[in-house]
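Asks: For reference, the file model_15.pdb (PDB, C-alpha atoms and all ligand atoms) is included below:
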ATOM      1  CA  MET A   1     121.078 129.608 114.794
ATOM      2  CA  ASN A   2     118.843 132.486 113.799
ATOM      3  CA  GLU A   3     118.998 134.900 116.738
ATOM      4  CA  HIS A   4     121.621 137.117 115.095
ATOM      5  CA  PRO A   5     120.752 139.203 112.020
ATOM      6  CA  ARG A   6     122.181 138.074 108.689
ATOM      7  CA  ILE A   7     123.161 140.362 105.847
ATOM      8  CA  GLY A   8     122.769 139.471 102.164
ATOM      9  CA  LEU A   9     123.880 141.117  98.915
ATOM     10  CA  GLY A  10     122.453 140.667  95.416
ATOM     11  CA  ILE A  11     123.586 142.257  92.143
ATOM     12  CA  ASP A  12     121.970 141.850  88.726
ATOM     13  CA  VAL A  13     122.716 143.368  85.325
ATOM     14  CA  HIS A  14     120.464 143.306  82.273
ATOM     15  CA  ARG A  15     121.009 144.672  78.785
ATOM     16  CA  LEU A  16     118.519 147.340  77.704
ATOM     17  CA  GLU A  17     116.799 147.487  74.330
ATOM     18  CA  ALA A  18     114.345 149.942  72.812
ATOM     19  CA  GLY A  19     110.740 148.849  72.610
ATOM     20  CA  ARG A  20     110.859 146.180  75.308
ATOM     21  CA  THR A  21     108.431 146.044  78.209
ATOM     22  CA  CYS A  22     109.979 147.479  81.369
ATOM     23  CA  THR A  23     109.070 146.171  84.825
ATOM     24  CA  LEU A  24     111.258 147.048  87.807
ATOM     25  CA  ALA A  25     110.640 145.915  91.382
ATOM     26  CA  GLY A  26     107.428 144.410  90.021
ATOM     27  CA  VAL A  27     106.170 147.838  88.930
ATOM     28  CA  PRO A  28     105.393 148.484  85.238
ATOM     29  CA  PHE A  29     107.050 151.495  83.593
ATOM     30  CA  PRO A  30     104.692 151.903  80.605
ATOM     31  CA  GLY A  31     106.356 155.054  79.248
ATOM     32  CA  SER A  32     109.903 153.715  79.322
ATOM     33  CA  PRO A  33     111.817 154.068  76.018
ATOM     34  CA  VAL A  34     113.800 150.903  76.839
ATOM     35  CA  GLY A  35     113.327 147.666  78.739
ATOM     36  CA  PRO A  36     115.581 144.914  80.063
ATOM     37  CA  VAL A  37     116.451 141.904  77.921
ATOM     38  CA  GLY A  38     116.000 138.674  79.841
ATOM     39  CA  HIS A  39     114.794 135.101  79.770
ATOM     40  CA  SER A  40     112.123 135.977  82.352
ATOM     41  CA  ASP A  41     110.622 139.488  82.486
ATOM     42  CA  GLY A  42     114.156 140.809  83.104
ATOM     43  CA  ASP A  43     113.289 142.540  86.374
ATOM     44  CA  ALA A  44     116.830 143.199  87.622
ATOM     45  CA  VAL A  45     115.608 144.628  90.942
ATOM     46  CA  LEU A  46     113.625 141.521  91.867
ATOM     47  CA  HIS A  47     116.438 139.223  90.704
ATOM     48  CA  ALA A  48     118.976 141.064  92.852
ATOM     49  CA  ALA A  49     116.551 141.142  95.802
ATOM     50  CA  CYS A  50     115.978 137.371  95.548
ATOM     51  CA  ASP A  51     119.709 136.716  95.453
ATOM     52  CA  ALA A  52     120.178 138.969  98.492
ATOM     53  CA  VAL A  53     117.592 137.155 100.617
ATOM     54  CA  LEU A  54     118.762 133.718  99.470
ATOM     55  CA  GLY A  55     122.362 134.674 100.195
ATOM     56  CA  ALA A  56     121.557 135.964 103.665
ATOM     57  CA  ALA A  57     119.706 132.724 104.423
ATOM     58  CA  GLY A  58     122.660 130.641 103.248
ATOM     59  CA  LEU A  59     120.571 129.138 100.432
ATOM     60  CA  ASP A  60     121.206 128.733  96.711
ATOM     61  CA  ASP A  61     121.052 131.591  94.266
ATOM     62  CA  LEU A  62     118.241 132.499  91.883
ATOM     63  CA  GLY A  63     119.977 131.018  88.848
ATOM     64  CA  THR A  64     120.158 127.626  90.577
ATOM     65  CA  LEU A  65     116.533 127.677  91.695
ATOM     66  CA  PHE A  66     115.223 128.910  88.320
ATOM     67  CA  PRO A  67     117.748 128.079  85.590
ATOM     68  CA  ASP A  68     117.488 130.352  82.538
ATOM     69  CA  LYS A  69     117.953 127.240  80.370
ATOM     70  CA  ASP A  70     114.587 125.931  81.596
ATOM     71  CA  PRO A  71     111.832 126.825  79.088
ATOM     72  CA  ALA A  72     109.342 126.914  82.000
ATOM     73  CA  ASN A  73     111.030 130.121  83.172
ATOM     74  CA  ARG A  74     110.710 131.929  79.817
ATOM     75  CA  GLY A  75     108.773 135.173  80.183
ATOM     76  CA  ARG A  76     107.978 134.276  83.777
ATOM     77  CA  ALA A  77     106.924 137.084  86.124
ATOM     78  CA  SER A  78     109.751 137.587  88.575
ATOM     79  CA  ALA A  79     107.227 138.033  91.399
ATOM     80  CA  GLU A  80     106.930 134.231  91.285
ATOM     81  CA  PHE A  81     110.673 133.935  91.962
ATOM     82  CA  CYS A  82     110.233 136.174  95.017
ATOM     83  CA  ALA A  83     107.440 134.002  96.410
ATOM     84  CA  ALA A  84     109.570 130.871  95.957
ATOM     85  CA  ALA A  85     112.614 132.532  97.552
ATOM     86  CA  MET A  86     110.570 133.788 100.509
ATOM     87  CA  LEU A  87     109.035 130.352 101.049
ATOM     88  CA  ARG A  88     112.546 128.949 101.480
ATOM     89  CA  VAL A  89     113.582 131.822 103.725
ATOM     90  CA  HIS A  90     110.546 131.215 105.955
ATOM     91  CA  GLN A  91     111.340 127.498 106.045
ATOM     92  CA  GLU A  92     114.717 128.500 107.522
ATOM     93  CA  GLY A  93     112.860 130.405 110.276
ATOM     94  CA  LEU A  94     113.893 133.791 108.872
ATOM     95  CA  ARG A  95     112.201 136.980 107.638
ATOM     96  CA  VAL A  96     113.366 140.168 105.946
ATOM     97  CA  LEU A  97     113.988 143.009 108.413
ATOM     98  CA  SER A  98     115.147 145.690 105.966
ATOM     99  CA  MET A  99     116.043 146.149 102.305
ATOM    100  CA  ASP A 100     118.070 148.836 100.535
ATOM    101  CA  VAL A 101     118.096 149.031  96.727
ATOM    102  CA  VAL A 102     120.256 150.966  94.259
ATOM    103  CA  VAL A 103     119.289 150.976  90.575
ATOM    104  CA  GLU A 104     121.862 152.340  88.123
ATOM    105  CA  THR A 105     120.333 153.204  84.771
ATOM    106  CA  GLU A 106     119.987 156.060  82.290
ATOM    107  CA  ALA A 107     116.350 155.186  81.609
ATOM    108  CA  PRO A 108     113.651 154.974  82.734
ATOM    109  CA  LYS A 109     113.735 157.702  85.387
ATOM    110  CA  LEU A 110     112.938 156.071  88.715
ATOM    111  CA  GLN A 111     111.926 159.104  90.741
ATOM    112  CA  PRO A 112     108.184 159.101  89.870
ATOM    113  CA  MET A 113     107.920 155.380  90.668
ATOM    114  CA  ARG A 114     110.057 155.116  93.806
ATOM    115  CA  ARG A 115     107.069 155.060  96.165
ATOM    116  CA  ALA A 116     105.336 152.348  94.125
ATOM    117  CA  MET A 117     108.561 150.304  93.974
ATOM    118  CA  ARG A 118     108.996 150.466  97.751
ATOM    119  CA  ASP A 119     105.391 149.426  98.311
ATOM    120  CA  ARG A 120     105.650 146.502  95.905
ATOM    121  CA  LEU A 121     108.965 145.272  97.365
ATOM    122  CA  ALA A 122     107.463 145.482 100.866
ATOM    123  CA  GLN A 123     104.526 143.363  99.709
ATOM    124  CA  LEU A 124     106.667 140.763  97.922
ATOM    125  CA  PHE A 125     109.235 140.357 100.723
ATOM    126  CA  GLY A 126     106.900 140.668 103.713
ATOM    127  CA  LEU A 127     108.077 143.811 105.479
ATOM    128  CA  SER A 128     106.721 147.329 105.920
ATOM    129  CA  ALA A 129     107.462 149.918 103.238
ATOM    130  CA  ASP A 130     109.314 152.161 105.699
ATOM    131  CA  ARG A 131     111.953 149.415 105.916
ATOM    132  CA  VAL A 132     112.504 149.409 102.168
ATOM    133  CA  ASN A 133     114.458 152.083 100.320
ATOM    134  CA  VAL A 134     114.966 152.539  96.569
ATOM    135  CA  LYS A 135     117.568 154.881  95.100
ATOM    136  CA  GLY A 136     118.073 155.643  91.421
ATOM    137  CA  LYS A 137     121.431 156.675  89.952
ATOM    138  CA  THR A 138     122.709 157.304  86.448
ATOM    139  CA  GLY A 139     125.980 156.012  85.042
ATOM    140  CA  GLU A 140     127.422 159.497  84.394
ATOM    141  CA  LYS A 141     128.088 158.550  80.743
ATOM    142  CA  VAL A 142     130.672 155.999  81.916
ATOM    143  CA  ASP A 143     130.700 152.321  80.848
ATOM    144  CA  ALA A 144     127.758 150.328  79.463
ATOM    145  CA  ILE A 145     125.330 151.736  82.029
ATOM    146  CA  GLY A 146     126.357 155.312  81.291
ATOM    147  CA  ARG A 147     125.862 154.681  77.569
ATOM    148  CA  GLY A 148     122.354 153.339  78.229
ATOM    149  CA  GLU A 149     123.204 149.801  77.086
ATOM    150  CA  ALA A 150     122.501 148.122  80.426
ATOM    151  CA  MET A 151     121.112 148.586  83.911
ATOM    152  CA  ARG A 152     122.328 147.250  87.238
ATOM    153  CA  ALA A 153     120.428 146.653  90.474
ATOM    154  CA  THR A 154     122.208 146.167  93.798
ATOM    155  CA  VAL A 155     120.262 145.071  96.859
ATOM    156  CA  VAL A 156     121.309 144.650 100.484
ATOM    157  CA  VAL A 157     118.972 142.934 102.939
ATOM    158  CA  LEU A 158     118.994 142.133 106.618
ATOM    159  CA  LEU A 159     117.273 138.955 107.796
ATOM    160  CA  GLY A 160     116.201 138.130 111.332
ATOM    161  CA  PRO A 161     114.216 135.415 113.121
ATOM    162  CA  LEU A 162     110.676 134.795 111.937
TER
HETATM  163 MG    MG B   1     118.431 138.830  86.057
END
Take the structure in the file and give it back as structure tokens.
Ligand code: MG
Replies:
Amino acid sequence: MNEHPRIGLGIDVHRLEAGRTCTLAGVPFPGSPVGPVGHSDGDAVLHAACDAVLGAAGLDDLGTLFPDKDPANRGRASAEFCAAAMLRVHQEGLRVLSMDVVVETEAPKLQPMRRAMRDRLAQLFGLSADRVNVKGKTGEKVDAIGRGEAMRATVVVLLGPL
């Protein structure tokens, strides 16, 4: 039954390396000194967001839908994962009501791109940008994130009836 809202949580970590292309929430960061290492484009925000919506809908996770062992997924734009996840969510009679995103990373700085990230997430997940929030945090020099070796995205979503 879909009349009650459903909450979903997604978390994704990617290693960071110098000189790699950086795309977060589907938005390119052309000046970034580092980028995520990944089988696809490494967009940790979109991976976490997909897992959040799939989880809330009681469906599989992203790794099951798009295994990283499958060569077809190599270098794939994560926006395609979002479209596939949302198709399944719609088939369940659900839509995304709100989305809240936290990105923990030393680089790149998110502040200049937060508006663009919200707009792109709204477009990919079919809700208005005022129901999407993106917050950037640093790792305070603690652990792998604080040392700039990795980034982590955490996404919470609320789903309701279509
Ligand atoms: Mg990932």
Asks: Within 6 Å of ligand MG 1 (chain B), counting only C-alpha atoms and all ligand atoms, which protein or nucleic acid residues do you find, written as an MDAnalysis selection string?
Replies: chainID A and resid 12 42 44 47
Asks: Could you check which of A:Met113, A:Ala153, A:Leu9, A:Leu24 is closest to Asp61 in chain A, using all atoms listed in the file?
Replies: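 When distances to Asp61 in chain A are compared using all atoms listed in the file, the smallest one comes from A:Leu9.
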Asks: Identify all residues satisfying the PyMOL selection byres (((chain A and resi 94-101) around 9) and not hetatm) in the given file; provide them as a PyMOL selection string.
Replies: chain A and resi 2+5+45+48-49+53+57+86+88-93+102-103+121-122+125-128+130-136+153-162
Asks: At most 6 Å from (119.1, 151.6, 74.3), file frame, all atoms listed in the file: which residues, as a ChimeraX atom specification?
Replies: /A:16-18,34,148-149
Asks: If the box runs along x, y and z of the file and leaves 5 Å on each side of range 82-100 of chain A, what are its centre and edge lengths in Å, one decimal, as lines of an AutoDock Vina configuration file?
Replies:
center_x = 112.8
center_y = 138.2
center_z = 102.6
size_x = 20.6
size_y = 31.3
size_z = 25.3
Asks: To verify the selection step, state as a count of residues only which residues the PyMOL selection byres (((chain A and resi 30) around 12) and not hetatm) yields on this input.
Replies: 17
Asks: Would you compute the distance between CA of Ala79 in chain A and CA of Leu110 in chain A? Give it in Å to one decimal.
Replies: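 Separation between CA of Ala79 in chain A and CA of Leu110 in chain A: 19.1 Å.
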Asks: So the first atom is CA of Arg152 in chain A and the second is CA of Ala107 in chain A; what is the distance between them in Å, to one decimal place?
Replies: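 Computing it gives 11.4 Å between the two atoms.
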Asks: Taking into account only C-alpha atoms, which residue in the set A:Phe66, A:Gly10, A:Arg120, A:Thr105 is nearest to Val142 in chain A?
Replies: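 Among the listed residues, A:Thr105 lies closest to Val142 in chain A.
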Asks: Between A:Leu54, A:Ala77, A:Ala116, A:Leu59, which one has atoms that come closest to Ser40 in chain A, using all atoms listed in the file?
Replies: A:Ala77
Asks: So the first atom is CA of Pro112 in chain A and the second is CA of Gly26 in chain A; what is the distance between them in Å, to one decimal place?
Replies: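 The value is 14.7 Å.
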Asks: Compare A:Cys82, A:Ile7, A:Leu87, A:Ala25 by their minimum atom-to-atom distance to Ala56 in chain A, counting only C-alpha atoms, and give me the closest one.
Replies: A:Ile7
